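A.B. asks: Data: target07.cif, mmCIF, C-alpha atoms.
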```cif
data_start
#
loop_
_atom_site.label_atom_id
_atom_site.label_comp_id
_atom_site.auth_asym_id
_atom_site.auth_seq_id
_atom_site.Cartn_x
_atom_site.Cartn_y
_atom_site.Cartn_z
CA MET A 1 -36.18 41.39 71.15
CA VAL A 2 -39.54 41.40 69.44
CA LYS A 3 -42.26 39.15 70.72
CA GLN A 4 -44.68 37.67 68.31
CA THR A 5 -47.77 35.78 69.35
CA THR A 6 -49.95 33.76 67.03
CA GLY A 7 -53.16 31.75 67.37
CA ILE A 8 -53.23 28.13 68.49
CA LEU A 9 -51.37 25.89 66.06
CA SER A 10 -52.10 22.26 65.40
CA GLY A 11 -49.56 19.93 63.86
CA TYR A 12 -49.35 16.28 62.99
CA ILE A 13 -47.89 13.55 65.10
CA LEU A 14 -44.95 12.66 62.91
CA GLU A 15 -45.05 8.98 63.82
CA ASP A 16 -48.73 8.75 62.80
CA GLU A 17 -48.28 10.44 59.43
CA THR A 18 -47.80 7.14 57.78
CA ARG A 19 -47.53 7.64 54.06
CA LEU A 20 -44.78 9.64 52.39
CA THR A 21 -43.55 9.20 48.84
CA LEU A 22 -39.86 9.44 48.01
CA ARG A 23 -40.47 12.93 46.68
CA GLN A 24 -42.29 14.08 49.83
CA LEU A 25 -39.56 12.67 52.06
CA CYS A 26 -36.91 14.52 50.00
CA ASP A 27 -38.85 17.76 50.32
CA ALA A 28 -39.41 17.37 54.06
CA CYS A 29 -35.72 16.74 54.70
CA ALA A 30 -34.29 19.03 51.99
CA VAL A 31 -32.16 16.25 50.51
CA ARG A 32 -31.75 14.68 47.08
CA ALA A 33 -33.37 11.34 46.20
CA GLU A 34 -29.91 9.75 45.88
CA TYR A 35 -29.30 10.39 49.55
CA ILE A 36 -32.54 8.66 50.56
CA ILE A 37 -31.69 5.72 48.28
CA GLU A 38 -28.31 5.36 49.99
CA LEU A 39 -30.02 5.32 53.39
CA VAL A 40 -32.46 2.67 52.19
CA ASP A 41 -29.55 0.59 50.85
CA GLU A 42 -27.92 0.89 54.23
CA GLY A 43 -31.11 -0.51 55.80
CA PHE A 44 -31.38 2.63 57.87
CA ILE A 45 -34.90 3.51 56.71
CA GLU A 46 -37.26 0.94 55.29
CA PRO A 47 -39.93 1.86 52.78
CA SER A 48 -42.80 -0.42 51.95
CA GLY A 49 -43.28 -1.23 48.27
CA VAL A 50 -40.73 -2.87 46.01
CA GLU A 51 -40.27 -0.45 43.14
CA ARG A 52 -38.79 2.94 43.83
CA SER A 53 -41.73 4.72 42.26
CA HIS A 54 -44.04 2.98 44.73
CA TRP A 55 -41.91 3.43 47.81
CA CYS A 56 -43.84 4.54 50.84
CA PHE A 57 -42.13 5.82 54.00
CA ASN A 58 -43.52 6.26 57.48
CA GLY A 59 -43.34 9.61 59.26
CA ILE A 60 -40.48 8.70 61.57
CA SER A 61 -38.26 8.35 58.48
CA ILE A 62 -38.15 12.17 58.39
CA LYS A 63 -36.61 12.22 61.84
CA ARG A 64 -34.13 9.48 60.98
CA VAL A 65 -33.01 11.12 57.73
CA GLN A 66 -32.53 14.48 59.45
CA THR A 67 -30.53 12.94 62.27
CA ALA A 68 -28.36 11.07 59.76
CA LYS A 69 -27.75 14.27 57.85
CA ARG A 70 -26.74 16.19 60.98
CA LEU A 71 -24.45 13.46 62.34
CA GLN A 72 -22.77 13.00 58.97
CA HIS A 73 -22.23 16.69 58.55
CA ASP A 74 -21.28 17.65 62.09
CA LEU A 75 -19.10 14.68 62.99
CA GLY A 76 -17.77 13.67 59.59
CA ILE A 77 -18.89 10.03 59.77
CA ASN A 78 -20.05 7.96 56.82
CA LEU A 79 -23.52 6.46 56.41
CA ALA A 80 -22.60 3.06 57.82
CA GLY A 81 -21.17 4.83 60.87
CA VAL A 82 -24.27 6.97 61.22
CA ALA A 83 -26.51 3.90 61.06
CA LEU A 84 -24.41 2.15 63.70
CA ALA A 85 -24.35 5.23 65.97
CA ILE A 86 -28.11 5.63 65.82
CA GLU A 87 -28.80 1.97 66.49
CA LEU A 88 -26.59 2.20 69.58
CA ILE A 89 -28.28 5.43 70.68
CA ASP A 90 -31.70 3.77 70.33
CA GLU A 91 -30.49 0.88 72.45
CA ILE A 92 -29.10 3.21 75.12
CA ASP A 93 -32.43 5.08 75.17
CA PHE A 94 -34.28 1.80 75.64
CA LEU A 95 -31.95 0.72 78.47
CA ARG A 96 -32.17 4.11 80.17
CA ALA A 97 -35.97 3.91 80.08
CA ARG A 98 -35.76 0.49 81.75
CA LEU A 99 -33.33 1.81 84.34
CA ASP A 100 -35.69 4.67 85.17
CA ARG A 101 -38.39 2.17 86.07
CA MET A 102 -36.20 0.22 88.50
CA MET B 1 -20.38 41.60 77.00
CA GLU B 2 -18.40 38.61 78.21
CA TYR B 3 -15.00 37.67 76.85
CA LYS B 4 -14.95 34.08 75.52
CA ASP B 5 -11.82 32.03 76.03
CA TYR B 6 -12.01 29.85 72.93
CA TYR B 7 -8.86 27.93 73.86
CA GLN B 8 -10.30 27.02 77.24
CA ILE B 9 -13.61 25.98 75.65
CA MET B 10 -11.71 23.68 73.28
CA GLY B 11 -9.43 22.46 76.06
CA VAL B 12 -6.23 23.26 74.14
CA GLU B 13 -3.17 25.43 74.79
CA ARG B 14 -2.88 28.81 73.08
CA ASN B 15 -0.02 27.47 70.99
CA ALA B 16 -1.94 24.38 69.83
CA THR B 17 -1.41 23.34 66.22
CA GLN B 18 -4.31 23.40 63.73
CA ASP B 19 -4.32 19.58 63.86
CA GLU B 20 -4.65 19.61 67.65
CA ILE B 21 -7.54 22.03 67.37
CA LYS B 22 -9.24 19.85 64.79
CA ARG B 23 -8.88 16.77 66.98
CA ALA B 24 -10.13 18.60 70.07
CA TYR B 25 -13.14 19.82 68.12
CA ARG B 26 -14.00 16.35 66.81
CA LYS B 27 -13.86 14.90 70.33
CA LEU B 28 -16.01 17.63 71.87
CA ALA B 29 -18.45 17.57 68.95
CA ARG B 30 -19.05 13.85 69.54
CA LYS B 31 -19.41 14.41 73.25
CA TYR B 32 -21.93 17.23 73.04
CA HIS B 33 -23.73 16.58 69.78
CA PRO B 34 -27.43 17.15 70.58
CA ASP B 35 -28.45 13.98 68.73
CA ILE B 36 -26.12 11.88 70.87
CA SER B 37 -25.53 13.55 74.21
CA LYS B 38 -27.96 13.10 77.07
CA GLU B 39 -26.56 16.01 79.03
CA THR B 40 -29.20 18.64 79.66
CA ASP B 41 -27.14 21.55 78.32
CA ALA B 42 -25.60 19.61 75.43
CA GLU B 43 -26.91 21.97 72.78
CA GLN B 44 -25.48 25.02 74.58
CA HIS B 45 -22.09 23.32 74.92
CA PHE B 46 -22.17 22.22 71.30
CA LYS B 47 -22.84 25.75 70.09
CA GLU B 48 -20.04 27.11 72.26
CA VAL B 49 -17.62 24.55 70.91
CA GLY B 50 -18.83 25.26 67.36
CA GLU B 51 -18.22 28.97 67.84
CA ALA B 52 -14.73 28.36 69.26
CA ASN B 53 -13.96 26.09 66.31
CA GLU B 54 -15.31 28.64 63.84
CA VAL B 55 -12.65 31.06 65.06
CA LEU B 56 -9.72 28.76 65.83
CA LYS B 57 -9.90 26.61 62.70
CA ASP B 58 -9.54 29.65 60.48
CA PRO B 59 -5.95 30.98 60.68
CA GLU B 60 -7.11 34.53 59.81
CA LYS B 61 -9.72 34.68 62.54
CA ARG B 62 -7.45 32.90 64.98
CA ALA B 63 -4.67 35.43 64.41
CA ALA B 64 -7.11 38.31 64.87
CA TYR B 65 -8.47 36.74 68.05
CA ASP B 66 -4.95 36.08 69.37
CA GLN B 67 -3.94 39.70 69.04
CA LEU B 68 -6.55 40.65 71.67
CA GLY B 69 -3.90 39.27 74.02
CA ALA B 70 -3.58 36.34 76.37
CA ASN B 71 -4.51 38.19 79.52
CA TRP B 72 -8.25 37.95 79.16
CA GLN B 73 -10.23 35.51 81.29
CA GLY B 74 -13.39 33.76 80.12
CA GLY B 75 -16.45 35.64 81.40
CA GLN B 76 -14.58 38.93 81.91
CA ASP B 77 -16.34 42.10 80.74
CA PHE B 78 -15.13 42.89 77.24
CA ASN B 79 -15.44 45.55 74.57
CA ALA B 80 -13.73 45.22 71.20
CA PRO B 81 -11.01 47.91 70.90
CA PRO B 82 -11.58 50.33 67.98
CA ASP B 83 -9.91 49.20 64.75
CA TRP B 84 -8.87 46.00 66.50
CA ASP B 85 -9.11 44.11 63.23
CA ALA B 86 -7.14 46.57 61.08
CA GLY B 87 -4.94 44.59 58.73
CA PHE B 88 -7.12 41.51 58.76
CA GLU B 89 -9.52 40.56 56.05
CA PHE B 90 -12.24 38.03 56.61
CA GLY B 91 -12.91 36.63 53.21
CA GLY B 92 -16.13 34.79 53.83
CA GLY B 93 -17.53 37.13 56.42
CA GLY B 94 -18.35 36.07 59.94
CA PHE B 95 -20.70 33.23 59.16
CA THR B 96 -19.95 30.24 57.03
CA GLY B 97 -22.50 28.05 55.36
CA GLY B 98 -25.86 28.80 53.82
CA ALA B 99 -28.70 26.35 54.18
CA GLN B 100 -28.36 24.59 57.49
CA GLN B 101 -27.06 21.04 57.20
CA GLY B 102 -26.40 20.22 60.78
CA TYR B 103 -26.13 21.71 64.22
CA SER B 104 -22.61 22.89 63.51
CA GLU B 105 -23.70 25.31 60.82
CA ALA B 106 -25.54 27.25 63.41
CA ASP B 107 -27.99 30.01 62.74
CA ALA B 108 -26.59 33.48 63.03
CA SER B 109 -28.44 33.82 66.33
CA ALA B 110 -26.48 30.93 67.81
CA TYR B 111 -23.26 32.93 68.05
CA SER B 112 -22.48 34.94 71.15
CA ASP B 113 -22.46 38.73 71.27
CA PHE B 114 -18.71 38.43 71.74
CA PHE B 115 -18.34 36.64 68.40
CA GLU B 116 -20.71 39.10 66.76
CA SER B 117 -18.72 42.10 67.94
CA LEU B 118 -15.48 40.66 66.56
CA PHE B 119 -16.50 38.88 63.40
CA GLY B 120 -20.07 39.94 62.71
CA GLN B 121 -19.12 43.13 60.88
CA GLY B 122 -17.54 41.37 57.94
CA PHE B 123 -20.81 39.60 57.37
CA GLN B 124 -22.86 42.76 57.47
CA GLN B 125 -20.52 44.62 55.18
CA SER B 126 -20.47 41.93 52.56
CA GLY B 127 -24.26 41.82 52.78
CA ALA B 128 -24.45 45.55 52.23
CA ARG B 129 -22.09 45.37 49.27
CA GLN B 130 -24.46 42.98 47.59
CA GLY B 131 -27.31 45.32 48.27
CA GLY B 132 -28.68 43.32 51.17
CA PHE B 133 -30.00 39.81 51.07
CA ARG B 134 -33.64 40.57 50.61
CA GLN B 135 -33.24 43.21 47.98
CA GLN B 136 -30.95 41.19 45.79
CA SER B 137 -33.12 39.91 42.98
CA GLY B 138 -33.17 36.23 42.35
CA PHE B 139 -31.54 35.26 45.65
CA GLN B 140 -33.55 32.92 47.74
CA SER B 141 -32.96 30.19 50.24
CA GLY B 142 -35.27 27.96 52.21
CA GLY B 143 -35.39 28.45 55.97
CA SER B 144 -33.92 25.80 58.22
CA ASP B 145 -36.03 23.48 60.33
CA HIS B 146 -36.30 24.21 64.00
CA ARG B 147 -36.30 21.56 66.69
CA ALA B 148 -37.40 21.86 70.28
CA LYS B 149 -38.38 19.64 73.19
CA ILE B 150 -41.63 20.08 74.97
CA LEU B 151 -42.43 18.69 78.43
CA ILE B 152 -45.95 17.51 79.07
CA ASP B 153 -47.79 15.70 81.85
CA LEU B 154 -49.46 12.32 81.51
CA GLU B 155 -52.79 14.09 81.93
CA ASP B 156 -52.05 16.21 78.82
CA ALA B 157 -51.63 13.06 76.74
CA MET B 158 -54.82 11.60 78.26
CA ASN B 159 -56.99 14.60 77.50
CA GLY B 160 -55.11 16.74 74.99
CA ALA B 161 -53.85 20.20 76.01
CA THR B 162 -52.55 23.53 74.82
CA ARG B 163 -48.98 24.58 75.55
CA SER B 164 -47.14 27.85 74.91
CA ILE B 165 -43.55 27.64 73.83
CA SER B 166 -41.11 30.41 73.13
CA LEU B 167 -38.55 30.12 70.34
CA ARG B 168 -35.60 32.33 69.49
CA VAL B 169 -35.37 32.80 65.77
CA PRO B 170 -32.89 34.80 63.69
CA ASP B 171 -34.26 37.58 61.56
CA VAL B 172 -32.36 39.31 58.76
CA ASP B 173 -33.57 42.85 58.07
CA ALA B 174 -33.42 44.74 54.79
CA GLY B 175 -29.93 46.02 55.63
CA GLY B 176 -28.56 42.53 56.12
CA HIS B 177 -28.38 42.86 59.91
CA VAL B 178 -29.14 39.81 61.96
CA THR B 179 -31.26 40.14 65.07
CA THR B 180 -32.93 37.61 67.30
CA LYS B 181 -36.67 37.56 67.64
CA GLU B 182 -38.66 35.71 70.24
CA ARG B 183 -41.69 33.92 68.87
CA VAL B 184 -44.34 32.64 71.22
CA LEU B 185 -46.40 29.82 69.78
CA LYS B 186 -49.48 28.22 71.26
CA ILE B 187 -49.62 24.61 70.28
CA ASN B 188 -52.25 21.91 70.54
CA ILE B 189 -50.92 18.77 72.17
CA PRO B 190 -52.98 16.05 70.52
CA LYS B 191 -54.70 13.54 72.76
CA GLY B 192 -52.99 10.15 72.64
CA ILE B 193 -49.44 11.36 72.01
CA LYS B 194 -46.64 9.16 73.35
CA GLN B 195 -43.27 9.80 74.94
CA GLY B 196 -40.62 10.46 72.27
CA GLN B 197 -43.08 11.23 69.47
CA HIS B 198 -42.77 14.38 67.40
CA ILE B 199 -45.27 17.00 66.39
CA ARG B 200 -44.55 18.45 62.98
CA LEU B 201 -45.71 22.00 62.28
CA GLY B 202 -45.21 22.75 58.60
CA GLY B 203 -43.81 26.22 57.82
CA GLN B 204 -43.25 27.18 61.48
CA GLY B 205 -39.47 26.80 61.42
CA ASN B 206 -37.01 29.54 60.56
CA PRO B 207 -38.17 31.93 57.83
CA GLY B 208 -36.63 31.59 54.36
CA LEU B 209 -34.76 34.35 52.53
CA GLY B 210 -36.32 36.01 49.50
CA GLN B 211 -39.02 33.75 48.09
CA GLY B 212 -37.63 30.73 49.92
CA LYS B 213 -40.20 28.93 52.01
CA ALA B 214 -39.95 28.68 55.77
CA GLY B 215 -38.61 25.54 57.42
CA ASP B 216 -40.68 23.24 59.60
CA LEU B 217 -40.90 23.08 63.35
CA TYR B 218 -40.41 19.72 65.07
CA LEU B 219 -41.40 19.33 68.69
CA GLU B 220 -40.23 16.26 70.57
CA ILE B 221 -42.58 15.16 73.33
CA GLU B 222 -41.16 14.29 76.70
CA PHE B 223 -43.26 13.37 79.73
CA ASN B 224 -42.66 14.85 83.14
CA SER B 225 -42.12 11.98 85.54
CA HIS B 226 -45.28 11.23 87.47
CA GLY B 227 -45.44 10.52 91.19
CA ILE B 228 -47.85 7.59 90.86
CA TYR B 229 -47.71 6.20 87.33
CA HIS B 230 -45.05 5.30 84.88
CA VAL B 231 -45.66 5.16 81.18
CA GLU B 232 -44.48 2.74 78.52
CA GLY B 233 -45.74 3.64 75.06
CA ARG B 234 -49.47 4.09 75.59
CA ASP B 235 -49.58 1.66 78.53
CA VAL B 236 -49.66 3.09 82.02
CA TYR B 237 -48.33 1.22 85.07
CA LEU B 238 -49.49 1.71 88.64
CA ASP B 239 -47.88 0.13 91.69
CA LEU B 240 -50.80 -0.44 94.06
CA PRO B 241 -50.07 -1.24 97.71
CA VAL B 242 -52.35 -3.85 99.30
CA ALA B 243 -52.53 -5.34 102.80
CA PRO B 244 -51.49 -9.03 103.18
CA TRP B 245 -55.08 -10.04 104.01
CA GLU B 246 -56.43 -8.18 100.96
CA ALA B 247 -54.04 -10.14 98.74
CA ALA B 248 -54.65 -13.48 100.51
CA LEU B 249 -58.41 -13.31 101.01
CA GLY B 250 -59.38 -11.10 98.06
CA ALA B 251 -60.96 -7.69 98.45
CA SER B 252 -62.75 -4.88 96.73
CA ILE B 253 -60.59 -1.76 96.94
CA LYS B 254 -60.33 1.67 95.37
CA ALA B 255 -57.52 2.45 92.91
CA PRO B 256 -56.54 5.69 91.21
CA THR B 257 -56.32 5.71 87.40
CA PRO B 258 -55.44 8.63 85.11
CA GLY B 259 -59.14 8.75 84.20
CA GLY B 260 -60.37 8.80 87.82
CA VAL B 261 -60.80 6.47 90.80
CA VAL B 262 -62.12 2.97 90.07
CA ASP B 263 -63.29 0.02 92.20
CA LEU B 264 -60.99 -2.92 91.79
CA LYS B 265 -61.58 -6.56 92.74
CA ILE B 266 -58.50 -8.31 94.08
CA LYS B 267 -58.65 -12.06 93.57
CA PRO B 268 -58.07 -14.30 96.63
CA GLY B 269 -54.58 -15.77 96.62
CA SER B 270 -52.94 -12.77 94.90
CA VAL B 271 -49.23 -12.36 95.57
CA ASN B 272 -46.72 -9.56 95.53
CA GLY B 273 -46.18 -8.48 91.90
CA SER B 274 -49.53 -9.84 90.64
CA LYS B 275 -50.48 -7.83 87.58
CA MET B 276 -54.00 -6.82 86.59
CA ARG B 277 -54.83 -5.32 83.23
CA LEU B 278 -57.54 -2.69 82.83
CA LYS B 279 -58.08 -2.71 79.10
CA GLY B 280 -58.15 0.63 77.30
CA ARG B 281 -57.51 2.67 80.46
CA GLY B 282 -54.06 3.84 79.42
CA ILE B 283 -53.33 6.71 77.02
CA PRO B 284 -56.09 6.91 74.39
CA ALA B 285 -55.49 6.28 70.69
CA SER B 286 -54.17 9.24 68.69
CA SER B 287 -55.67 8.13 65.39
CA SER B 288 -57.67 5.33 63.86
CA SER B 289 -54.44 3.53 62.99
CA ASN B 290 -53.56 2.77 66.60
CA SER B 291 -55.41 1.70 69.74
CA ALA B 292 -55.67 2.91 73.31
CA GLY B 293 -53.12 1.69 75.82
CA ASP B 294 -53.97 -0.36 78.91
CA LEU B 295 -53.55 0.33 82.58
CA TYR B 296 -51.54 -2.30 84.43
CA VAL B 297 -52.00 -2.48 88.17
CA VAL B 298 -49.10 -4.21 89.90
CA LEU B 299 -49.87 -5.33 93.44
CA GLN B 300 -47.33 -4.48 96.11
CA VAL B 301 -48.04 -6.29 99.33
CA ALA B 302 -47.30 -3.92 102.21
CA LEU B 303 -46.38 -5.22 105.64
CA PRO B 304 -48.31 -3.68 108.53
CA PRO B 305 -46.05 -2.66 111.44
CA ALA B 306 -46.42 -4.51 114.72
CA GLY B 307 -46.62 -1.55 117.06
CA THR B 308 -49.25 -2.27 119.70
CA ASP B 309 -49.66 -5.35 121.90
CA SER B 310 -52.69 -6.56 120.00
CA GLU B 311 -50.85 -6.16 116.68
CA LYS B 312 -47.96 -8.18 118.07
CA ALA B 313 -50.41 -10.80 119.26
CA ALA B 314 -51.83 -11.03 115.75
CA TYR B 315 -48.36 -11.70 114.30
CA GLU B 316 -47.73 -14.34 117.01
CA LYS B 317 -51.01 -15.95 116.06
CA MET B 318 -49.88 -16.03 112.44
CA GLN B 319 -46.57 -17.58 113.42
CA GLN B 320 -48.43 -20.39 115.21
CA SER B 321 -50.94 -20.94 112.39
CA PHE B 322 -48.51 -20.99 109.43
CA SER B 323 -45.76 -23.41 108.58
CA PHE B 324 -44.25 -20.85 106.21
CA ASN B 325 -40.60 -20.71 105.27
CA PRO B 326 -39.98 -17.70 102.99
CA ARG B 327 -36.39 -18.94 102.38
CA VAL B 328 -37.31 -22.40 101.14
CA LYS B 329 -35.85 -21.67 97.68
CA LEU B 330 -32.52 -20.75 99.25
CA GLY B 331 -32.25 -24.23 100.77
CA VAL B 332 -32.14 -23.05 104.40
#
```
Show the structure stored in the file as structure tokens.
C.D. replies:
Amino acid sequence: MVKQTTGILSGYILEDETRLTLRQLCDACAVRAEYIIELVDEGFIEPSGVERSHWCFNGISIKRVQTAKRLQHDLGINLAGVALAIELIDEIDFLRARLDRM
Amino acid sequence: MEYKDYYQIMGVERNATQDEIKRAYRKLARKYHPDISKETDAEQHFKEVGEANEVLKDPEKRAAYDQLGANWQGGQDFNAPPDWDAGFEFGGGGFTGGAQQGYSEADASAYSDFFESLFGQGFQQSGARQGGFRQQSGFQSGGSDHRAKILIDLEDAMNGATRSISLRVPDVDAGGHVTTKERVLKINIPKGIKQGQHIRLGGQGNPGLGQGKAGDLYLEIEFNSHGIYHVEGRDVYLDLPVAPWEAALGASIKAPTPGGVVDLKIKPGSVNGSKMRLKGRGIPASSSSNSAGDLYVVLQVALPPAGTDSEKAAYEKMQQSFSFNPRVKLGV
């Protein structure tokens, strides 16, 4: 195995990168615009701005779209199912965090 | 190399039908999917199940695998017999899928050596027939994104830090052979990062093929649990033990904070669970769009033991001086 070392890298905090256009979100997630529109219709990600051309997504949308894509592909569930699964996972995470503090 | 018992991994009998295999895979995939499962080795399990499914779902590969015989045990030392696959043809080669859609279309590096030795050849041969991936003009494909978790301490989020992480990435050489490379990256942990946030490093994911651009690297931040503090968003909580007289009479005491020891005034008449907020002494802001967290000190009244005679006398004195019923709310 070859080892490769590089200099110190700096990235962005995804959740702080607040402004992404529809096009940028598509590029970041390697999906078509239609897919993002479906996820918006499902209420799974929420852009600000009314018209599609002015939609603005926050950074965490990248994470949500990628998770949706993986769950849909790996487990063969539809978008409504993906949205439900992720909402339940978020709730479990929240409850686990509370449990850890007790 | 170790023999892999794909039937055992899938939890099915050797004579299971294709439908049974499909159902077993679906169940296990839901159980171990890295986006869902909280088990520490979920990703490893998921890859193992994915590899077993890759072989068992495909009647050609399953038949080839079956003819190795039923006498092998998982983990047993194994070498593929010469010409073991004579008479079988693997149409699509060993690996299915191109651009990565999900965890199940694993990178070439995700498959075990055992799988490689049995089914990897088909892939390499078909690559060679096409003149190799990189040499083939016009062929390009973007690299997949890479995800990893990174454990940091509260202090790293307070002050910022540098962390080294090591990633295993697949590398396709000019001949179409797939090898695994280890990449060591040094990464800045930005000050003010919170539990569960992600650092995005553009172009640091898996390399693309041809002119395709590299994927991105996503690092999920997880905090090591701390002996003294617990963290909620950017707010930090500290349980601070105080003596009964400090709580009742008020006191000036020392308290640890992530930024160093501070003097703290306890108000007279404080009770167990009283909460004090030290504004801005939690995790600092990460950008101008958010603000620093606070430090919450929660008082825990500690009971001194009555060991010596004079300590016992002090408790007796208290008993005489107080008309205190701690169970008044219970009606007794």
A.B. asks: Can you check which residues of chain A have any atom within 10 Å of chain B? Use all atoms listed in the file and format it as a PyMOL selection string.
C.D. replies: chain A and resi 1-18+28-31+59-60+63+66-76+85-86+88-90+93+97-98+100-101
A.B. asks: Tell me, in Å to one decimal, how far atom CA of Ser48 of chain A is from atom CA of Ser291 of chain B.
C.D. replies: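 Those two atoms sit 21.9 Å apart.
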A.B. asks: I'd like the interatomic distance between atom CA of Pro256 of chain B and atom CA of Leu99 of chain A, to a tenth of an Å.
C.D. replies: 24.5 Å
A.B. asks: Please enumerate the residues selected by the PyMOL selection byres ((chain A and resi 25) around 12) when evaluated against the supplied file, formatted as a PyMOL selection string.
C.D. replies: chain A and resi 17-24+26-37+45+47+55-66
A.B. asks: Generate a file of the selected residues that holds C-alpha atoms, formatted as a PDB file, in the coordinates of the input.
C.D. replies:
```pdb
ATOM      1  CA  GLU A  17     -48.280  10.440  59.430  1.00  0.00           C
ATOM      2  CA  THR A  18     -47.800   7.140  57.780  1.00  0.00           C
ATOM      3  CA  ARG A  19     -47.530   7.640  54.060  1.00  0.00           C
ATOM      4  CA  LEU A  20     -44.780   9.640  52.390  1.00  0.00           C
ATOM      5  CA  THR A  21     -43.550   9.200  48.840  1.00  0.00           C
ATOM      6  CA  LEU A  22     -39.860   9.440  48.010  1.00  0.00           C
ATOM      7  CA  ARG A  23     -40.470  12.930  46.680  1.00  0.00           C
ATOM      8  CA  GLN A  24     -42.290  14.080  49.830  1.00  0.00           C
ATOM      9  CA  CYS A  26     -36.910  14.520  50.000  1.00  0.00           C
ATOM     10  CA  ASP A  27     -38.850  17.760  50.320  1.00  0.00           C
ATOM     11  CA  ALA A  28     -39.410  17.370  54.060  1.00  0.00           C
ATOM     12  CA  CYS A  29     -35.720  16.740  54.700  1.00  0.00           C
ATOM     13  CA  ALA A  30     -34.290  19.030  51.990  1.00  0.00           C
ATOM     14  CA  VAL A  31     -32.160  16.250  50.510  1.00  0.00           C
ATOM     15  CA  ARG A  32     -31.750  14.680  47.080  1.00  0.00           C
ATOM     16  CA  ALA A  33     -33.370  11.340  46.200  1.00  0.00           C
ATOM     17  CA  GLU A  34     -29.910   9.750  45.880  1.00  0.00           C
ATOM     18  CA  TYR A  35     -29.300  10.390  49.550  1.00  0.00           C
ATOM     19  CA  ILE A  36     -32.540   8.660  50.560  1.00  0.00           C
ATOM     20  CA  ILE A  37     -31.690   5.720  48.280  1.00  0.00           C
ATOM     21  CA  ILE A  45     -34.900   3.510  56.710  1.00  0.00           C
ATOM     22  CA  PRO A  47     -39.930   1.860  52.780  1.00  0.00           C
ATOM     23  CA  TRP A  55     -41.910   3.430  47.810  1.00  0.00           C
ATOM     24  CA  CYS A  56     -43.840   4.540  50.840  1.00  0.00           C
ATOM     25  CA  PHE A  57     -42.130   5.820  54.000  1.00  0.00           C
ATOM     26  CA  ASN A  58     -43.520   6.260  57.480  1.00  0.00           C
ATOM     27  CA  GLY A  59     -43.340   9.610  59.260  1.00  0.00           C
ATOM     28  CA  ILE A  60     -40.480   8.700  61.570  1.00  0.00           C
ATOM     29  CA  SER A  61     -38.260   8.350  58.480  1.00  0.00           C
ATOM     30  CA  ILE A  62     -38.150  12.170  58.390  1.00  0.00           C
ATOM     31  CA  LYS A  63     -36.610  12.220  61.840  1.00  0.00           C
ATOM     32  CA  ARG A  64     -34.130   9.480  60.980  1.00  0.00           C
ATOM     33  CA  VAL A  65     -33.010  11.120  57.730  1.00  0.00           C
ATOM     34  CA  GLN A  66     -32.530  14.480  59.450  1.00  0.00           C
TER      35      GLN A  66
END
```
A.B. asks: Could you jot down the atom CA of Asp77 of chain B to atom CA of Leu118 of chain B separation for me, Å, one decimal place?
C.D. replies: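 Taking atom CA of Asp77 of chain B as the start and atom CA of Leu118 of chain B as the end point, the length is 14.3 Å.
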A.B. asks: Using all atoms listed in the file for the distances, tell me which of B:Ala52, B:Gly208, B:Val301, B:Val332 is nearest to Gly273 of chain B.
C.D. replies: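 For Gly273 of chain B, the nearest of the given residues is B:Val301.
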A.B. asks: So that I can see what lies close to Ser112 of chain B, please list as a ChimeraX atom specification the residues with an atom at most 9 Å from it, counting only C-alpha atoms and leaving out residues fewer than 5 positions away in the same chain.
C.D. replies: /B:2,4,48,51,117
A.B. asks: Let me know the residues the PyMOL selection byres ((chain B and resi 72) around 12) catches in the file above, as JSON, numbers by chain.
C.D. replies: {"B": [2, 3, 4, 5, 6, 7, 8, 65, 66, 67, 68, 69, 70, 71, 73, 74, 75, 76, 77, 78, 79]}
